[in-house]
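Comments concern the structure below.
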Amino acid sequence: MSKKYDEKWGPHSHCLVCGNAIPDGEKMCSEECKAKFDLDQKKYKRNQKLSYIFIGLTGAVIIILFAASYFFK
Ligand SMILES: [Zn+2]
């Protein structure tokens, strides 16, 4: 299916933000989409950082609880 699609339209990409067809090798169709993409990337990175902190804290709590149950039997 994707082969037929390529034959019809030629090699091309889609805007990562709005999905518009754009020349092959491009990532975004406009400055507006680029700005939006950058903002989303920043949000994503911040969320990723927060989830790492959360995982770290959860791990620390588990280790502390485990150590506490070991030492205070
Ligand atoms: Zn776009």
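Here's how to read the names in the structure tokens: chain A, B, ... by the order shown, residue numbers from 1 in each chain, ligand numbers from 1 in the order shown.
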
>> Taking 5 positions as the minimum chain separation for residues in the same chain, which residues sit within 9 Å of Lys36 of chain A when counting only C-alpha atoms? Answer as a list of chain:residue names.
In response: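 Residues near the query, excluding close chain neighbours: A:Val17, A:Glu31, A:Gln41.
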
Would you put the residues from that selection into a file with N, CA and C atoms, as a compact mmCIF listing (two decimals), in the first residue's frame?
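In the end it all went to part_32.txt:
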# COMPACT_ATOMS: atom_id res chain seq x y z
N VAL A 17 3.86 18.22 12.98
CA VAL A 17 2.88 18.87 13.84
C VAL A 17 1.47 18.73 13.29
N GLU A 31 6.93 27.98 9.99
CA GLU A 31 7.58 28.45 11.21
C GLU A 31 6.65 28.25 12.42
N GLN A 41 8.40 19.73 22.38
CA GLN A 41 9.64 19.04 22.77
C GLN A 41 10.05 19.43 24.18

Based on the backbone DSSP call, show me all residues of chain A assigned strand (DSSP E or B), as a PyMOL selection string. chain A and resi 12-14+21-23

Original post:
Just how far from atom CA of Ile53 of chain A is atom CA of Phe66 of chain A, in Å to one decimal?
Top reply: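 Taking atom CA of Phe66 of chain A and atom CA of Ile53 of chain A, their separation equals 19.7 Å.
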
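Pairwise distance (atom CA of Phe37 of chain A, atom CA of Leu16 of chain A) equals 7.6 Å.
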
Report the closest atom pair, with its distance in Å rounded to one decimal, for each residue of chain A that has an atom no farther than 7 Å from ligand 1; count only C-alpha atoms and all ligand atoms, sort by chain and then rising residue number, and write it as a tab-separated table.
residue	atom	partner	partner_atom_place_in_ligand_line	distance
A:Cys15	CA	ligand 1	1 (Zn)	4.7
A:Leu16	CA	ligand 1	1 (Zn)	6.7
A:Val17	CA	ligand 1	1 (Zn)	5.1
A:Cys18	CA	ligand 1	1 (Zn)	4.2
A:Gly19	CA	ligand 1	1 (Zn)	6.0
A:Asn20	CA	ligand 1	1 (Zn)	5.6
A:Met28	CA	ligand 1	1 (Zn)	5.3
A:Cys29	CA	ligand 1	1 (Zn)	4.3
A:Ser30	CA	ligand 1	1 (Zn)	5.7
A:Cys33	CA	ligand 1	1 (Zn)	4.7

Q. Got a sec to tell me which of segment 1-63 of chain A DSSP assigns to helix (DSSP H, G or I), as number ranges by chain?
A. A: 2-9, 31-63

Output for the residues just chosen: N, CA and C atoms as a CSV table (one decimal), in the first residue's frame:
chain,number,residue,atom,x,y,z
A,2,SER,N,1.9,1.2,0.8
A,2,SER,CA,2.8,2.4,0.9
A,2,SER,C,3.5,2.7,-0.4
A,3,LYS,N,3.8,1.6,-1.2
A,3,LYS,CA,4.5,1.7,-2.4
A,3,LYS,C,3.6,2.4,-3.4
A,4,LYS,N,2.4,2.0,-3.6
A,4,LYS,CA,1.5,2.7,-4.4
A,4,LYS,C,1.4,4.2,-4.1
A,5,TYR,N,1.3,4.5,-2.8
A,5,TYR,CA,1.2,5.8,-2.3
A,5,TYR,C,2.4,6.7,-2.7
A,6,ASP,N,3.6,6.1,-2.6
A,6,ASP,CA,4.8,6.8,-3.0
A,6,ASP,C,4.8,7.1,-4.5
A,7,GLU,N,4.3,6.1,-5.3
A,7,GLU,CA,4.3,6.3,-6.8
A,7,GLU,C,3.3,7.4,-7.2
A,8,LYS,N,2.3,7.5,-6.4
A,8,LYS,CA,1.3,8.6,-6.8
A,8,LYS,C,1.8,9.9,-6.4
A,9,TRP,N,2.4,10.1,-5.2
A,9,TRP,CA,2.7,11.4,-4.7
A,9,TRP,C,4.2,11.7,-4.8
A,31,GLU,N,6.9,28.0,10.0
A,31,GLU,CA,7.6,28.5,11.2
A,31,GLU,C,6.7,28.2,12.4
A,32,GLU,N,5.4,28.4,12.1
A,32,GLU,CA,4.4,28.2,13.2
A,32,GLU,C,4.4,26.8,13.8
A,33,CYS,N,4.5,25.8,12.9
A,33,CYS,CA,4.5,24.4,13.3
A,33,CYS,C,5.9,24.1,14.0
A,34,LYS,N,6.9,24.8,13.5
A,34,LYS,CA,8.3,24.6,14.1
A,34,LYS,C,8.2,25.1,15.5
A,35,ALA,N,7.6,26.3,15.7
A,35,ALA,CA,7.6,26.8,17.1
A,35,ALA,C,6.7,25.9,18.0
A,36,LYS,N,5.6,25.4,17.5
A,36,LYS,CA,4.8,24.5,18.2
A,36,LYS,C,5.5,23.2,18.6
A,37,PHE,N,6.3,22.7,17.6
A,37,PHE,CA,7.0,21.5,17.8
A,37,PHE,C,8.1,21.7,18.9
A,38,ASP,N,8.8,22.8,18.8
A,38,ASP,CA,9.8,23.1,19.9
A,38,ASP,C,9.2,23.2,21.2
A,39,LEU,N,8.0,23.8,21.3
A,39,LEU,CA,7.3,23.9,22.6
A,39,LEU,C,6.9,22.5,23.1
A,40,ASP,N,6.4,21.7,22.2
A,40,ASP,CA,6.1,20.3,22.6
A,40,ASP,C,7.3,19.5,23.1
A,41,GLN,N,8.4,19.7,22.4
A,41,GLN,CA,9.6,19.0,22.8
A,41,GLN,C,10.0,19.4,24.2
A,42,LYS,N,10.0,20.7,24.5
A,42,LYS,CA,10.3,21.2,25.8
A,42,LYS,C,9.4,20.6,26.8
A,43,LYS,N,8.1,20.6,26.6
A,43,LYS,CA,7.2,20.0,27.5
A,43,LYS,C,7.5,18.6,27.7
A,44,TYR,N,7.8,17.9,26.6
A,44,TYR,CA,8.0,16.4,26.7
A,44,TYR,C,9.3,16.2,27.5
A,45,LYS,N,10.3,17.0,27.3
A,45,LYS,CA,11.6,16.8,28.1
A,45,LYS,C,11.3,17.1,29.5
A,46,ARG,N,10.5,18.1,29.8
A,46,ARG,CA,10.2,18.4,31.2
A,46,ARG,C,9.5,17.3,31.9
A,47,ASN,N,8.5,16.7,31.2
A,47,ASN,CA,7.7,15.6,31.7
A,47,ASN,C,8.6,14.4,31.9
A,48,GLN,N,9.5,14.2,31.0
A,48,GLN,CA,10.4,13.1,31.1
A,48,GLN,C,11.3,13.2,32.4
A,49,LYS,N,11.8,14.4,32.6
A,49,LYS,CA,12.6,14.7,33.7
A,49,LYS,C,11.8,14.5,35.0
A,50,LEU,N,10.6,14.9,35.0
A,50,LEU,CA,9.7,14.7,36.2
A,50,LEU,C,9.5,13.3,36.5
A,51,SER,N,9.3,12.5,35.4
A,51,SER,CA,9.0,11.1,35.6
A,51,SER,C,10.3,10.3,36.1
A,52,TYR,N,11.4,10.8,35.7
A,52,TYR,CA,12.7,10.2,36.2
A,52,TYR,C,12.8,10.5,37.7
A,53,ILE,N,12.5,11.7,38.1
A,53,ILE,CA,12.6,12.1,39.5
A,53,ILE,C,11.6,11.2,40.3
A,54,PHE,N,10.4,11.1,39.7
A,54,PHE,CA,9.4,10.3,40.4
A,54,PHE,C,9.8,8.8,40.6
A,55,ILE,N,10.4,8.3,39.5
A,55,ILE,CA,10.9,6.9,39.6
A,55,ILE,C,12.0,6.8,40.6
A,56,GLY,N,12.9,7.8,40.6
A,56,GLY,CA,14.0,7.8,41.5
A,56,GLY,C,13.5,7.8,43.0
A,57,LEU,N,12.6,8.7,43.2
A,57,LEU,CA,12.0,8.8,44.6
A,57,LEU,C,11.3,7.5,45.0
A,58,THR,N,10.5,7.0,44.1
A,58,THR,CA,9.9,5.7,44.4
A,58,THR,C,10.9,4.6,44.7
A,59,GLY,N,11.9,4.5,43.9
A,59,GLY,CA,13.0,3.6,44.2
A,59,GLY,C,13.6,3.8,45.5
A,60,ALA,N,13.9,5.1,45.9
A,60,ALA,CA,14.5,5.4,47.2
A,60,ALA,C,13.6,5.0,48.3
A,61,VAL,N,12.3,5.3,48.2
A,61,VAL,CA,11.4,4.9,49.2
A,61,VAL,C,11.3,3.4,49.4
A,62,ILE,N,11.3,2.7,48.3
A,62,ILE,CA,11.3,1.2,48.4
A,62,ILE,C,12.6,0.7,49.1
A,63,ILE,N,13.7,1.3,48.7
A,63,ILE,CA,15.0,0.8,49.3
A,63,ILE,C,15.0,1.2,50.8

Margin query: To one decimal place in Å, what is the distance between atom CA of His12 of chain A and atom CA of Glu26 of chain A?
Written below: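 So the answer is 8.4 Å.
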